[in-house]
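Text of query-v2.cif (mmCIF, C-alpha atoms and all ligand atoms) as supplied:
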```cif
data_model
loop_
_atom_site.label_atom_id
_atom_site.label_comp_id
_atom_site.auth_asym_id
_atom_site.auth_seq_id
_atom_site.Cartn_x
_atom_site.Cartn_y
_atom_site.Cartn_z
CA MET C 249 100.60 114.88 102.27
CA GLU C 250 100.12 116.36 98.80
CA ARG C 251 103.85 115.99 98.16
CA ALA C 252 103.77 112.52 99.72
CA ARG C 253 100.95 111.39 97.45
CA THR C 254 102.96 112.17 94.32
CA LEU C 255 105.83 110.06 95.64
CA PHE C 256 104.23 107.13 97.49
CA PRO C 257 101.16 104.98 96.75
CA GLY C 258 98.41 106.56 98.86
CA GLY C 259 101.01 108.96 100.24
CA VAL C 260 102.27 106.44 102.81
CA SER C 261 104.96 103.86 103.45
CA SER C 262 102.48 101.26 104.82
CA PRO C 263 98.74 101.12 103.98
CA VAL C 264 96.91 101.54 107.33
CA ARG C 265 98.65 104.89 107.88
CA ALA C 266 96.56 106.46 105.10
CA PHE C 267 93.38 106.53 107.29
CA ARG C 268 91.36 104.74 104.59
CA GLY C 269 89.67 102.76 107.38
CA VAL C 270 88.30 105.92 109.01
CA GLY C 271 88.26 108.45 106.16
CA GLY C 272 89.94 111.85 106.14
CA GLU C 273 93.56 112.77 106.00
CA PRO C 274 96.31 111.43 108.29
CA PHE C 275 98.24 113.99 110.31
CA VAL C 276 101.98 114.27 109.73
CA VAL C 277 103.91 113.55 112.89
CA ASP C 278 106.86 115.64 113.98
CA ARG C 279 108.03 114.11 117.28
CA GLY C 280 107.07 112.05 120.30
CA LYS C 281 107.99 111.84 123.97
CA GLY C 282 106.54 109.45 126.53
CA SER C 283 102.82 108.94 125.99
CA ARG C 284 102.51 111.92 123.61
CA ILE C 285 103.12 112.78 119.99
CA TRP C 286 103.02 116.18 118.25
CA ASP C 287 102.05 116.72 114.65
CA ALA C 288 103.71 119.11 112.19
CA ASP C 289 101.17 121.80 113.16
CA GLY C 290 102.12 121.48 116.83
CA ARG C 291 98.95 119.63 117.98
CA GLU C 292 99.48 117.19 120.85
CA TYR C 293 97.93 113.71 121.09
CA ILE C 294 97.99 110.96 123.71
CA ASP C 295 99.15 108.03 121.56
CA TYR C 296 97.61 104.55 121.80
CA VAL C 297 99.09 103.30 118.52
CA LEU C 298 102.74 103.51 119.60
CA SER C 299 104.13 102.80 116.15
CA TRP C 300 101.70 99.84 115.96
CA GLY C 301 103.05 98.15 119.06
CA PRO C 302 106.83 98.38 119.45
CA LEU C 303 107.04 101.38 121.82
CA VAL C 304 106.31 99.57 125.07
CA LEU C 305 108.21 102.24 127.05
CA GLY C 306 106.61 105.13 125.17
CA HIS C 307 108.26 107.49 122.70
CA ALA C 308 111.97 108.31 122.86
CA PRO C 309 112.79 106.82 126.29
CA ASP C 310 116.09 108.37 127.47
CA ARG C 311 117.75 105.07 128.43
CA VAL C 312 117.01 103.52 125.04
CA LEU C 313 118.19 106.62 123.17
CA GLU C 314 121.43 106.58 125.18
CA ALA C 315 122.00 102.90 124.39
CA VAL C 316 121.40 103.51 120.68
CA GLU C 317 123.73 106.51 120.71
CA ARG C 318 126.49 104.52 122.43
CA ALA C 319 126.16 101.78 119.82
CA MET C 320 125.94 104.25 116.95
CA ARG C 321 129.21 105.94 117.86
CA LYS C 322 130.94 102.58 117.46
CA GLY C 323 129.46 102.02 113.99
CA THR C 324 125.98 101.33 112.64
CA SER C 325 126.45 97.98 110.92
CA PHE C 326 129.24 95.52 110.32
CA GLY C 327 127.81 92.41 108.75
CA ILE C 328 129.89 90.25 111.09
CA PRO C 329 128.99 88.95 114.57
CA THR C 330 128.72 91.39 117.49
CA GLU C 331 128.40 90.78 121.22
CA LEU C 332 125.12 92.74 121.31
CA GLU C 333 123.37 90.01 119.30
CA VAL C 334 124.39 87.40 121.85
CA GLU C 335 123.19 89.58 124.71
CA LEU C 336 119.77 90.21 123.19
CA GLY C 337 119.48 86.52 122.24
CA GLU C 338 120.23 85.50 125.83
CA ARG C 339 117.66 87.98 127.12
CA ILE C 340 115.03 86.38 124.87
CA VAL C 341 115.87 82.83 125.99
CA GLU C 342 115.57 83.91 129.65
CA ARG C 343 111.98 84.89 129.02
CA MET C 344 111.17 82.15 126.52
CA PRO C 345 113.26 79.07 127.36
CA HIS C 346 111.56 77.09 124.59
CA VAL C 347 113.20 79.43 122.05
CA GLU C 348 116.38 77.39 122.27
CA MET C 349 117.95 78.77 119.10
CA MET C 350 117.01 81.76 116.97
CA ARG C 351 117.86 83.96 113.99
CA PHE C 352 117.53 87.76 113.96
CA VAL C 353 115.88 89.42 110.97
CA SER C 354 114.65 92.97 110.37
CA SER C 355 110.87 92.64 110.09
CA GLY C 356 108.03 90.48 111.35
CA THR C 357 107.28 89.52 107.76
CA GLU C 358 110.74 88.04 107.35
CA ALA C 359 110.40 86.18 110.64
CA THR C 360 107.09 84.45 109.82
CA MET C 361 108.08 83.76 106.22
CA SER C 362 111.30 82.11 107.41
CA ALA C 363 109.62 80.14 110.20
CA VAL C 364 107.26 78.66 107.63
CA ARG C 365 110.20 77.75 105.41
CA VAL C 366 111.79 75.87 108.32
CA ALA C 367 108.50 74.11 109.09
CA ARG C 368 108.06 73.07 105.46
CA ALA C 369 111.60 71.76 105.31
CA ALA C 370 111.30 69.85 108.58
CA THR C 371 107.96 68.21 107.81
CA GLN C 372 108.51 67.88 104.04
CA ARG C 373 104.96 69.18 103.64
CA ASP C 374 103.81 72.32 101.82
CA VAL C 375 100.44 73.36 103.21
CA ILE C 376 100.15 75.87 106.03
CA LEU C 377 97.06 76.46 108.14
CA LYS C 378 96.26 79.98 109.27
CA PHE C 379 93.25 81.69 110.80
CA ASP C 380 90.77 84.09 109.28
CA GLY C 381 91.73 87.62 110.36
CA CYS C 382 95.22 86.73 111.58
CA TYR C 383 97.99 88.79 110.00
CA HIS C 384 101.48 87.39 109.69
CA GLY C 385 103.12 90.02 107.51
CA HIS C 386 102.83 90.55 103.77
CA ALA C 387 104.62 87.48 102.37
CA ASP C 388 102.64 85.82 99.57
CA SER C 389 101.55 82.77 101.57
CA PHE C 390 99.95 84.91 104.29
CA LEU C 391 97.87 87.28 102.19
CA VAL C 392 94.89 85.02 102.45
CA ARG C 393 92.17 86.47 104.69
CA ALA C 394 94.71 88.49 106.56
CA GLY C 395 92.95 90.95 108.85
CA SER C 396 93.14 94.71 109.44
CA GLY C 397 95.07 96.32 106.57
CA VAL C 398 93.58 93.89 104.14
CA ALA C 399 90.13 93.89 105.78
CA THR C 400 90.02 97.66 105.99
CA LEU C 401 90.96 98.02 102.36
CA GLY C 402 88.46 95.39 101.28
CA LEU C 403 91.08 93.19 99.64
CA PRO C 404 90.25 89.63 100.74
CA ASN C 405 93.32 88.58 98.82
CA SER C 406 95.98 90.48 96.95
CA PRO C 407 96.49 90.48 93.20
CA GLY C 408 100.04 89.39 92.49
CA VAL C 409 99.84 86.39 94.80
CA PRO C 410 99.87 83.34 92.49
CA ASP C 411 96.79 81.13 92.90
CA ALA C 412 99.12 78.14 93.03
CA LEU C 413 100.78 79.56 96.13
CA ALA C 414 97.57 80.76 97.80
CA ALA C 415 96.25 77.22 97.34
CA LEU C 416 98.92 76.05 99.80
CA THR C 417 97.40 78.17 102.57
CA VAL C 418 94.23 76.85 104.17
CA VAL C 419 92.19 79.01 106.51
CA ALA C 420 90.07 78.21 109.57
CA PRO C 421 87.99 80.54 111.75
CA PHE C 422 89.78 81.57 114.98
CA ASN C 423 88.56 79.66 118.05
CA ASP C 424 87.13 76.86 115.87
CA LEU C 425 88.92 73.60 116.68
CA ALA C 426 86.46 71.47 114.68
CA SER C 427 87.41 73.33 111.48
CA VAL C 428 91.09 72.91 112.29
CA GLU C 429 90.66 69.20 112.78
CA SER C 430 88.76 68.79 109.55
CA LEU C 431 91.45 70.72 107.60
CA LEU C 432 94.18 68.60 109.20
CA ARG C 433 92.37 65.49 108.01
CA SER C 434 92.00 66.80 104.45
CA TYR C 435 95.46 68.32 103.93
CA SER C 436 98.97 67.32 104.78
CA VAL C 437 99.74 70.40 106.88
CA ALA C 438 103.32 71.49 107.62
CA ALA C 439 102.43 74.03 110.29
CA ILE C 440 99.60 75.77 112.05
CA ILE C 441 100.47 79.45 112.46
CA VAL C 442 98.47 81.60 114.86
CA GLU C 443 98.50 84.88 116.75
CA PRO C 444 97.95 83.54 120.32
CA ILE C 445 95.79 86.61 120.93
CA VAL C 446 94.61 88.15 117.68
CA GLY C 447 95.56 91.80 117.38
CA ASN C 448 95.22 92.25 113.66
CA SER C 449 91.45 92.11 113.31
CA GLY C 450 90.83 93.96 116.54
CA PHE C 451 91.65 92.38 119.89
CA ILE C 452 90.35 88.78 120.00
CA PRO C 453 91.42 86.47 122.86
CA PRO C 454 91.47 82.70 122.48
CA ASP C 455 88.88 80.53 124.26
CA PRO C 456 90.56 78.62 127.13
CA ALA C 457 90.51 75.34 125.16
CA PHE C 458 91.70 76.80 121.85
CA LEU C 459 95.50 76.96 122.14
CA PRO C 460 95.81 73.66 124.07
CA GLY C 461 93.54 72.15 121.41
CA LEU C 462 95.79 73.42 118.60
CA ARG C 463 98.80 71.88 120.33
CA ALA C 464 97.08 68.51 120.63
CA LEU C 465 95.77 68.56 117.04
CA ALA C 466 99.14 69.57 115.62
CA ASP C 467 100.80 66.68 117.46
CA ALA C 468 98.14 64.20 116.39
CA HIS C 469 98.56 65.13 112.74
CA GLY C 470 102.33 65.61 112.56
CA ALA C 471 102.11 69.37 112.01
CA LEU C 472 104.26 71.98 113.75
CA LEU C 473 102.76 74.79 115.81
CA ILE C 474 104.03 78.33 115.20
CA PHE C 475 103.07 81.13 117.58
CA ASP C 476 103.37 84.44 115.80
CA GLU C 477 104.14 86.64 118.79
CA VAL C 478 105.34 89.60 116.75
CA MET C 479 102.61 91.63 118.44
CA THR C 480 101.94 89.71 121.68
CA GLY C 481 105.60 89.05 122.52
CA PHE C 482 106.47 90.65 125.86
CA ARG C 483 103.20 92.57 125.91
CA ILE C 484 100.70 89.96 127.13
CA ALA C 485 103.05 88.49 129.79
CA TYR C 486 106.70 88.70 130.82
CA GLY C 487 107.35 85.41 129.02
CA GLY C 488 104.76 85.71 126.23
CA ALA C 489 102.03 83.25 125.29
CA ARG C 490 103.67 80.17 126.82
CA GLU C 491 103.65 81.82 130.22
CA ARG C 492 100.13 83.18 129.84
CA PHE C 493 98.46 80.12 128.33
CA GLY C 494 100.76 77.24 129.30
CA VAL C 495 101.08 76.10 125.69
CA THR C 496 104.49 75.73 124.04
CA ALA C 497 104.94 76.30 120.32
CA ASP C 498 107.58 74.52 118.23
CA LEU C 499 108.55 77.80 116.55
CA THR C 500 107.95 81.37 117.72
CA THR C 501 108.24 84.67 115.90
CA LEU C 502 108.86 87.95 117.69
CA GLY C 503 109.22 91.52 116.48
CA LYS C 504 107.89 94.94 117.44
CA VAL C 505 108.73 95.17 121.20
CA ILE C 506 112.06 93.33 120.91
CA GLY C 507 113.38 96.09 118.66
CA GLY C 508 112.39 98.93 120.98
CA GLY C 509 111.32 100.99 117.94
CA LEU C 510 114.10 99.90 115.60
CA PRO C 511 113.73 97.22 112.92
CA VAL C 512 114.24 93.84 114.65
CA ALA C 513 112.39 90.57 114.54
CA VAL C 514 113.39 87.03 115.29
CA TYR C 515 112.30 83.48 114.58
CA GLY C 516 113.34 80.63 116.78
CA GLY C 517 112.30 77.60 118.75
CA ARG C 518 113.27 73.96 119.05
CA ARG C 519 116.99 73.46 118.53
CA ASP C 520 116.51 70.50 116.17
CA LEU C 521 114.36 72.70 113.93
CA MET C 522 116.56 75.80 114.04
CA GLU C 523 119.68 73.78 113.32
CA ARG C 524 118.23 73.31 109.85
CA VAL C 525 118.83 77.00 109.11
CA ALA C 526 121.94 77.86 107.03
CA PRO C 527 124.82 77.65 107.63
CA ALA C 528 124.17 75.03 110.35
CA GLY C 529 121.72 73.38 107.96
CA ASN C 530 120.55 73.83 104.40
CA VAL C 531 117.39 75.97 104.79
CA TYR C 532 118.54 79.28 103.32
CA GLN C 533 117.78 82.64 104.90
CA ALA C 534 120.01 85.72 105.18
CA GLY C 535 119.94 89.50 105.74
CA THR C 536 122.43 92.36 105.24
CA LEU C 537 121.29 94.39 108.25
CA SER C 538 120.13 91.43 110.40
CA GLY C 539 121.27 91.79 114.01
CA ASN C 540 122.66 95.28 113.38
CA PRO C 541 124.05 96.92 116.52
CA LEU C 542 121.66 99.90 116.66
CA ALA C 543 118.62 97.66 116.64
CA MET C 544 120.19 95.18 119.08
CA ALA C 545 121.06 98.02 121.48
CA ALA C 546 117.52 99.40 121.36
CA GLY C 547 116.02 95.96 121.94
CA LEU C 548 118.38 95.18 124.81
CA ALA C 549 117.74 98.47 126.60
CA THR C 550 114.00 97.98 126.15
CA LEU C 551 113.92 94.44 127.52
CA GLU C 552 116.16 95.44 130.46
CA LEU C 553 113.66 98.13 131.45
CA LEU C 554 110.64 95.89 130.87
CA THR C 555 110.71 94.21 134.30
CA PRO C 556 107.86 92.18 135.80
CA ASP C 557 107.01 95.26 137.92
CA VAL C 558 106.75 97.46 134.85
CA GLN C 559 104.72 94.75 133.15
CA SER C 560 102.17 94.61 135.98
CA ARG C 561 101.98 98.40 136.25
CA MET C 562 101.10 98.61 132.54
CA THR C 563 98.63 95.77 132.88
CA ARG C 564 96.83 97.53 135.73
CA ARG C 565 96.61 100.83 133.85
CA THR C 566 95.42 99.12 130.67
CA GLU C 567 92.70 97.33 132.65
CA ARG C 568 91.64 100.65 134.15
CA LEU C 569 91.41 102.17 130.65
CA VAL C 570 89.32 99.30 129.33
CA GLN C 571 87.05 99.23 132.39
CA GLY C 572 86.59 103.00 132.14
CA LEU C 573 85.60 102.69 128.48
CA ARG C 574 83.08 99.96 129.32
CA GLU C 575 81.53 102.23 131.98
CA ILE C 576 81.31 105.19 129.60
CA ALA C 577 79.64 103.07 126.92
CA ALA C 578 77.21 101.53 129.42
CA ARG C 579 76.24 104.96 130.81
CA ARG C 580 75.69 106.23 127.27
CA ARG C 581 73.83 103.04 126.23
CA VAL C 582 76.27 102.33 123.40
CA PRO C 583 76.67 98.64 122.41
CA PHE C 584 80.28 97.99 123.33
CA THR C 585 82.69 95.20 124.20
CA ALA C 586 86.33 95.63 125.25
CA ASP C 587 89.14 93.49 126.61
CA SER C 588 92.87 93.55 127.32
CA ALA C 589 95.88 91.35 128.03
CA GLY C 590 98.92 93.04 129.55
CA SER C 591 99.44 96.28 127.66
CA MET C 592 97.49 95.20 124.56
CA TRP C 593 93.77 96.00 124.34
CA GLY C 594 90.87 96.59 122.02
CA PHE C 595 87.19 97.31 121.68
CA PHE C 596 84.31 96.82 119.28
CA PHE C 597 81.00 98.65 118.98
CA ARG C 598 78.98 95.49 119.45
CA ALA C 599 77.21 94.18 122.56
CA GLU C 600 78.50 90.58 122.60
CA PRO C 601 82.16 89.60 122.98
CA VAL C 602 84.02 88.91 119.74
CA ARG C 603 85.44 85.39 119.20
CA SER C 604 86.32 85.46 115.52
CA PHE C 605 86.86 87.77 112.58
CA SER C 606 83.30 87.17 111.32
CA ASP C 607 82.05 88.38 114.72
CA ALA C 608 84.35 91.41 114.45
CA LYS C 609 82.88 92.32 111.08
CA THR C 610 79.40 92.68 112.61
CA ALA C 611 80.58 95.56 114.82
CA ASP C 612 79.35 99.07 114.00
CA VAL C 613 82.19 100.43 111.85
CA GLU C 614 80.42 103.71 111.03
CA ARG C 615 80.19 104.49 114.75
CA PHE C 616 83.86 103.59 115.09
CA LYS C 617 84.81 106.08 112.39
CA ARG C 618 82.86 108.89 114.11
CA PHE C 619 84.39 107.94 117.48
CA PHE C 620 87.91 107.81 116.03
CA HIS C 621 87.64 111.35 114.61
CA ALA C 622 85.95 112.71 117.74
CA ALA C 623 88.80 111.23 119.81
CA LEU C 624 91.45 112.66 117.49
CA GLU C 625 89.87 116.13 117.72
CA ARG C 626 90.14 115.81 121.49
CA GLY C 627 93.81 114.83 121.35
CA VAL C 628 93.58 111.04 121.65
CA TYR C 629 95.14 109.05 118.82
CA LEU C 630 93.55 105.60 118.48
CA ALA C 631 94.40 103.10 115.74
CA PRO C 632 92.77 104.40 112.54
CA SER C 633 90.85 101.18 111.88
CA ALA C 634 88.05 99.31 113.62
CA PHE C 635 90.12 96.14 113.21
CA GLU C 636 93.30 96.95 115.13
CA ALA C 637 94.41 96.42 118.70
CA GLY C 638 95.43 99.35 120.90
CA PHE C 639 98.54 99.60 123.06
CA THR C 640 99.62 101.37 126.21
CA SER C 641 103.19 102.00 127.34
CA ASP C 642 104.91 102.41 130.66
CA ALA C 643 104.92 106.14 129.91
CA HIS C 644 101.10 106.18 130.08
CA SER C 645 100.64 107.34 133.68
CA ASP C 646 97.53 106.97 135.82
CA ALA C 647 96.88 110.67 135.09
CA ASP C 648 97.18 110.05 131.32
CA ILE C 649 94.63 107.25 131.55
CA GLU C 650 92.16 109.43 133.48
CA GLU C 651 92.69 112.31 131.06
CA THR C 652 92.11 109.91 128.15
CA LEU C 653 88.88 108.61 129.70
CA GLY C 654 87.59 112.17 130.15
CA ARG C 655 88.29 112.98 126.51
CA LEU C 656 86.86 109.69 125.24
CA ASP C 657 83.69 110.20 127.28
CA ASP C 658 83.13 113.43 125.30
CA ALA C 659 84.12 111.68 122.08
CA MET C 660 81.61 108.88 122.70
CA ALA C 661 78.88 111.51 123.22
CA ALA C 662 79.89 113.33 120.03
CA ALA C 663 79.95 110.07 118.04
CA GLY C 664 76.29 109.42 118.97
C1 LIG O 701 103.12 93.38 112.70
C2 LIG O 701 102.96 91.93 112.57
C3 LIG O 701 103.67 91.17 111.61
C4 LIG O 701 104.51 91.81 110.55
O1 LIG O 701 105.59 92.49 111.06
P1 LIG O 701 106.33 93.60 110.11
O2 LIG O 701 107.50 94.01 110.94
O3 LIG O 701 105.32 94.68 109.89
O4 LIG O 701 106.71 92.92 108.86
C5 LIG O 701 103.56 89.80 111.64
N1 LIG O 701 102.77 89.19 112.55
C6 LIG O 701 102.07 89.87 113.47
C7 LIG O 701 101.23 89.13 114.46
C8 LIG O 701 102.13 91.26 113.51
O5 LIG O 701 101.39 91.92 114.40
#
```
Spit out the file's structure as structure tokens when you get a sec.
Amino acid sequence: MERARTLFPGGVSSPVRAFRGVGGEPFVVDRGKGSRIWDADGREYIDYVLSWGPLVLGHAPDRVLEAVERAMRKGTSFGIPTELEVELGERIVERMPHVEMMRFVSSGTEATMSAVRVARAATQRDVILKFDGCYHGHADSFLVRAGSGVATLGLPNSPGVPDALAALTVVAPFNDLASVESLLRSYSVAAIIVEPIVGNSGFIPPDPAFLPGLRALADAHGALLIFDEVMTGFRIAYGGARERFGVTADLTTLGKVIGGGLPVAVYGGRRDLMERVAPAGNVYQAGTLSGNPLAMAAGLATLELLTPDVQSRMTRRTERLVQGLREIAARRRVPFTADSAGSMWGFFFRAEPVRSFSDAKTADVERFKRFFHAALERGVYLAPSAFEAGFTSDAHSDADIEETLGRLDDAMAAAG
């Protein structure tokens, strides 16, 4: 880390990795397999961060590695169409039929940024509406009350984002339809963009009326609805938010899981909107490594293995983990609330359920920091921030979950 700090800001390639949200020094990872990772000193951890979401089958799954190796031997990138892109695209449409047409990119940030460009072009409006605590990548327009990394670092906004651009992003509290309606009346909004379940300021589910309400309000005011499913996509249900909540977005962004641990994201949706993207239309967006065969192969192998059976097995184990944590906290009289959807989960040290980022910020962060370090000492790696979701993978066995609960019981005692 000393060498890293001379080379990289904060010693890291992405801010949350630096452990600023919990204090102390991050460990340096050497390798992972299944539910476990090992650091450079040989210490083993059960991993609930999973590269921040992508590794839905756990670390280094053999079938995915084999698929990547097969692709790699044929060449790593061509910059011309390959059959693998079509296959992964078809796999996505099977699960999300409303994603009629799509474009592959290499990061979630690119996907959301490009989806907004399409929405602005289609509506000929400039303003976008996002929610306090939702993170949609680091593009300028989104760094306005953007959750975890930003919240943890205490940067409500980022220097370097022009005021003129930030002024085109308006922000409502999550789960607050009245605020959304009032903003839609005051501004000519191109699109509402939302994480259907928030994972970037801790785990915050929508109230039952919230997503249907957004759909209705968007329609009433001529705005498009964008579901940013970069985190929730293929974790909260086989078919994502539409399947789970019965609400269909005009545009959807996916990332993380669909790349199986390699850099892939996608934006897509209604055909009439996506046909505006160059070269079919005149909305420009491009990428040298977009749709590259290694990433496509990893994504394909991952989605093939992620069957409804696997999905429900992970859901059941995640529910057991969350229920176990609630029981531990109750027995130890620690104010605690926890929830999950599929293989995505989270908790706060606060008695009442959390409905918005302002609720999340009233949780006991000092207790979280003590708990995080106590868990790490006992070989359980949780997200190093009180404002991040956790993940499980299909490699997290029933035995892993029980072992985790035993260790976290001790950690909760040690954290006081
Ligand atoms: C991770 C994430 C992004 C950004 O994806 P990157 O690949 O890190 O650029 C965007 N939206 C959501 C909801 C995310 O969780």
Exercise for the section: State, in Å with one decimal place, the distance from CA of Arg268 in chain C to CA of Thr566 in chain C. Expected result: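 Result for CA of Arg268 in chain C versus CA of Thr566 in chain C: 27.0 Å, one decimal.
Close contacts of Arg351 in chain C, defined as residues with an atom at most 10 Å away when counting all atoms listed in the file, with chain neighbours fewer than 4 positions off set aside, comprise Glu333, Gly337, Ala359, Ser362, Ala363, Thr501, Ala513, Val514, Tyr515, Gly516, Gly517, Met522, Val525, Gln533, Ala534, Ser538 and Gly539 of chain C.
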Exercise for the section: Between CA of Phe267 in chain C and CA of Leu630 in chain C, measure the distance and give it in Å to one decimal. Expected result: 11.2 Å
Problem - Best match for closeness to ligand LIG 701 (chain O) among C:Ile328, C:Val478, C:Ala662, C:Ala252, counting all atoms listed in the file - result: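 Of C:Ile328, C:Val478, C:Ala662, C:Ala252, the one nearest ligand LIG 701 (chain O) is C:Val478, counting all atoms listed in the file.
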Practice task
Please check which protein, DNA or RNA residues sit within 6 Å of ligand LIG 701 (chain O), counting only C-alpha atoms and all ligand atoms, and write them as a list in words.
Solution key: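 Counting only what the definition allows, namely only C-alpha atoms and all ligand atoms, the set is Ser355, Gly356, Thr357, Tyr383, His384, Gly385, Glu443, Asp476, Glu477, Val478 and Met479 of chain C.
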Handout entry: CA of Ser261 in chain C to CA of Glu273 in chain C, distance in Å rounded to a single decimal
Key =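 We find that CA of Ser261 in chain C and CA of Glu273 in chain C lie 14.7 Å from each other.
Here the question is which of C:His346, C:Arg564, C:Lys609, C:Arg284 gets nearest to Gly306 in chain C using all atoms listed in the file, and that residue is C:Arg284.
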Let me know the centre plus edge lengths, in Å and rounded to one decimal, of a box with edges along x, y and z that contains all listed atoms of range 478-483 of chain C and is padded by 8 Å on every side, as lines of an AutoDock Vina configuration file.
```
center_x = 104.2
center_y = 90.8
center_z = 121.3
size_x = 20.5
size_y = 19.5
size_z = 25.2
```
Practice task
Write out as an MDAnalysis selection string each polymer residue whose atoms come within 10 Å of Ala485 in chain C, counting only C-alpha atoms; drop sequence neighbours fewer than 4 positions from it.
Solution key: chainID C and resid 343 480:481 489:493 556 559:560 563 589:591
Output for the residues just chosen: C-alpha atoms as a CSV table (one decimal), keeping the file's coordinate frame:
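result-v5.csv, freshly written:
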```
chain,number,residue,atom,x,y,z
C,343,ARG,CA,112.0,84.9,129.0
C,480,THR,CA,101.9,89.7,121.7
C,481,GLY,CA,105.6,89.0,122.5
C,489,ALA,CA,102.0,83.2,125.3
C,490,ARG,CA,103.7,80.2,126.8
C,491,GLU,CA,103.6,81.8,130.2
C,492,ARG,CA,100.1,83.2,129.8
C,493,PHE,CA,98.5,80.1,128.3
C,556,PRO,CA,107.9,92.2,135.8
C,559,GLN,CA,104.7,94.8,133.2
C,560,SER,CA,102.2,94.6,136.0
C,563,THR,CA,98.6,95.8,132.9
C,589,ALA,CA,95.9,91.4,128.0
C,590,GLY,CA,98.9,93.0,129.6
C,591,SER,CA,99.4,96.3,127.7
```
Exercise for the section: For Arg519 in chain C, work out the shell of residues within 8 Å, counting all atoms listed in the file and skipping chain neighbours fewer than 2 positions away, then give it as a ChimeraX atom specification. Expected result: /C:347-349,517,521-523
Writing out the chosen residues with C-alpha atoms as a compact mmCIF listing (two decimals), keeping the file's coordinate frame:
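Saved result, result-v6.txt, follows:
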```txt
# COMPACT_ATOMS: atom_id res chain seq x y z
CA VAL C 347 113.20 79.43 122.05
CA GLU C 348 116.38 77.39 122.27
CA MET C 349 117.95 78.77 119.10
CA GLY C 517 112.30 77.60 118.75
CA LEU C 521 114.36 72.70 113.93
CA MET C 522 116.56 75.80 114.04
CA GLU C 523 119.68 73.78 113.32
```
Practice task
Kindly indicate which residue among C:Asp498, C:Asp310, C:Asp612, C:Glu650 lies nearest to Phe475 in chain C, using all atoms listed in the file for the distances.
Solution key: C:Asp498
Practice task
Find the spatial neighbours of range 366-371 of chain C, counting only C-alpha atoms, within a cut-off of 10 Å - ignore same-chain residues fewer than 5 positions away - and output them as number ranges by chain.
Solution key: C: 360-361, 376, 436-440, 470-474, 498-499, 515-516, 520-525, 530-533
Can I get the selected residues back with C-alpha atoms, as a PDB file, keeping the file's coordinate frame?
```
ATOM      1  CA  THR C 360     107.090  84.450 109.820  1.00  0.00           C
ATOM      2  CA  MET C 361     108.080  83.760 106.220  1.00  0.00           C
ATOM      3  CA  ILE C 376     100.150  75.870 106.030  1.00  0.00           C
ATOM      4  CA  SER C 436      98.970  67.320 104.780  1.00  0.00           C
ATOM      5  CA  VAL C 437      99.740  70.400 106.880  1.00  0.00           C
ATOM      6  CA  ALA C 438     103.320  71.490 107.620  1.00  0.00           C
ATOM      7  CA  ALA C 439     102.430  74.030 110.290  1.00  0.00           C
ATOM      8  CA  ILE C 440      99.600  75.770 112.050  1.00  0.00           C
ATOM      9  CA  GLY C 470     102.330  65.610 112.560  1.00  0.00           C
ATOM     10  CA  ALA C 471     102.110  69.370 112.010  1.00  0.00           C
ATOM     11  CA  LEU C 472     104.260  71.980 113.750  1.00  0.00           C
ATOM     12  CA  LEU C 473     102.760  74.790 115.810  1.00  0.00           C
ATOM     13  CA  ILE C 474     104.030  78.330 115.200  1.00  0.00           C
ATOM     14  CA  ASP C 498     107.580  74.520 118.230  1.00  0.00           C
ATOM     15  CA  LEU C 499     108.550  77.800 116.550  1.00  0.00           C
ATOM     16  CA  TYR C 515     112.300  83.480 114.580  1.00  0.00           C
ATOM     17  CA  GLY C 516     113.340  80.630 116.780  1.00  0.00           C
ATOM     18  CA  ASP C 520     116.510  70.500 116.170  1.00  0.00           C
ATOM     19  CA  LEU C 521     114.360  72.700 113.930  1.00  0.00           C
ATOM     20  CA  MET C 522     116.560  75.800 114.040  1.00  0.00           C
ATOM     21  CA  GLU C 523     119.680  73.780 113.320  1.00  0.00           C
ATOM     22  CA  ARG C 524     118.230  73.310 109.850  1.00  0.00           C
ATOM     23  CA  VAL C 525     118.830  77.000 109.110  1.00  0.00           C
ATOM     24  CA  ASN C 530     120.550  73.830 104.400  1.00  0.00           C
ATOM     25  CA  VAL C 531     117.390  75.970 104.790  1.00  0.00           C
ATOM     26  CA  TYR C 532     118.540  79.280 103.320  1.00  0.00           C
ATOM     27  CA  GLN C 533     117.780  82.640 104.900  1.00  0.00           C
TER      28      GLN C 533
END
```
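Using all atoms listed in the file, the smallest distance between any of C:Gly258, C:Thr500, C:Thr536, C:Arg393 and Phe326 in chain C comes from C:Thr536.
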Practice task
Could you tell me which of C:Ala622, C:Ile649, C:Val353, C:Ala546 comes closest to Leu573 in chain C if we count only C-alpha atoms?
Solution key: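 Of C:Ala622, C:Ile649, C:Val353, C:Ala546, the one nearest Leu573 in chain C, counting only C-alpha atoms, is C:Ile649.
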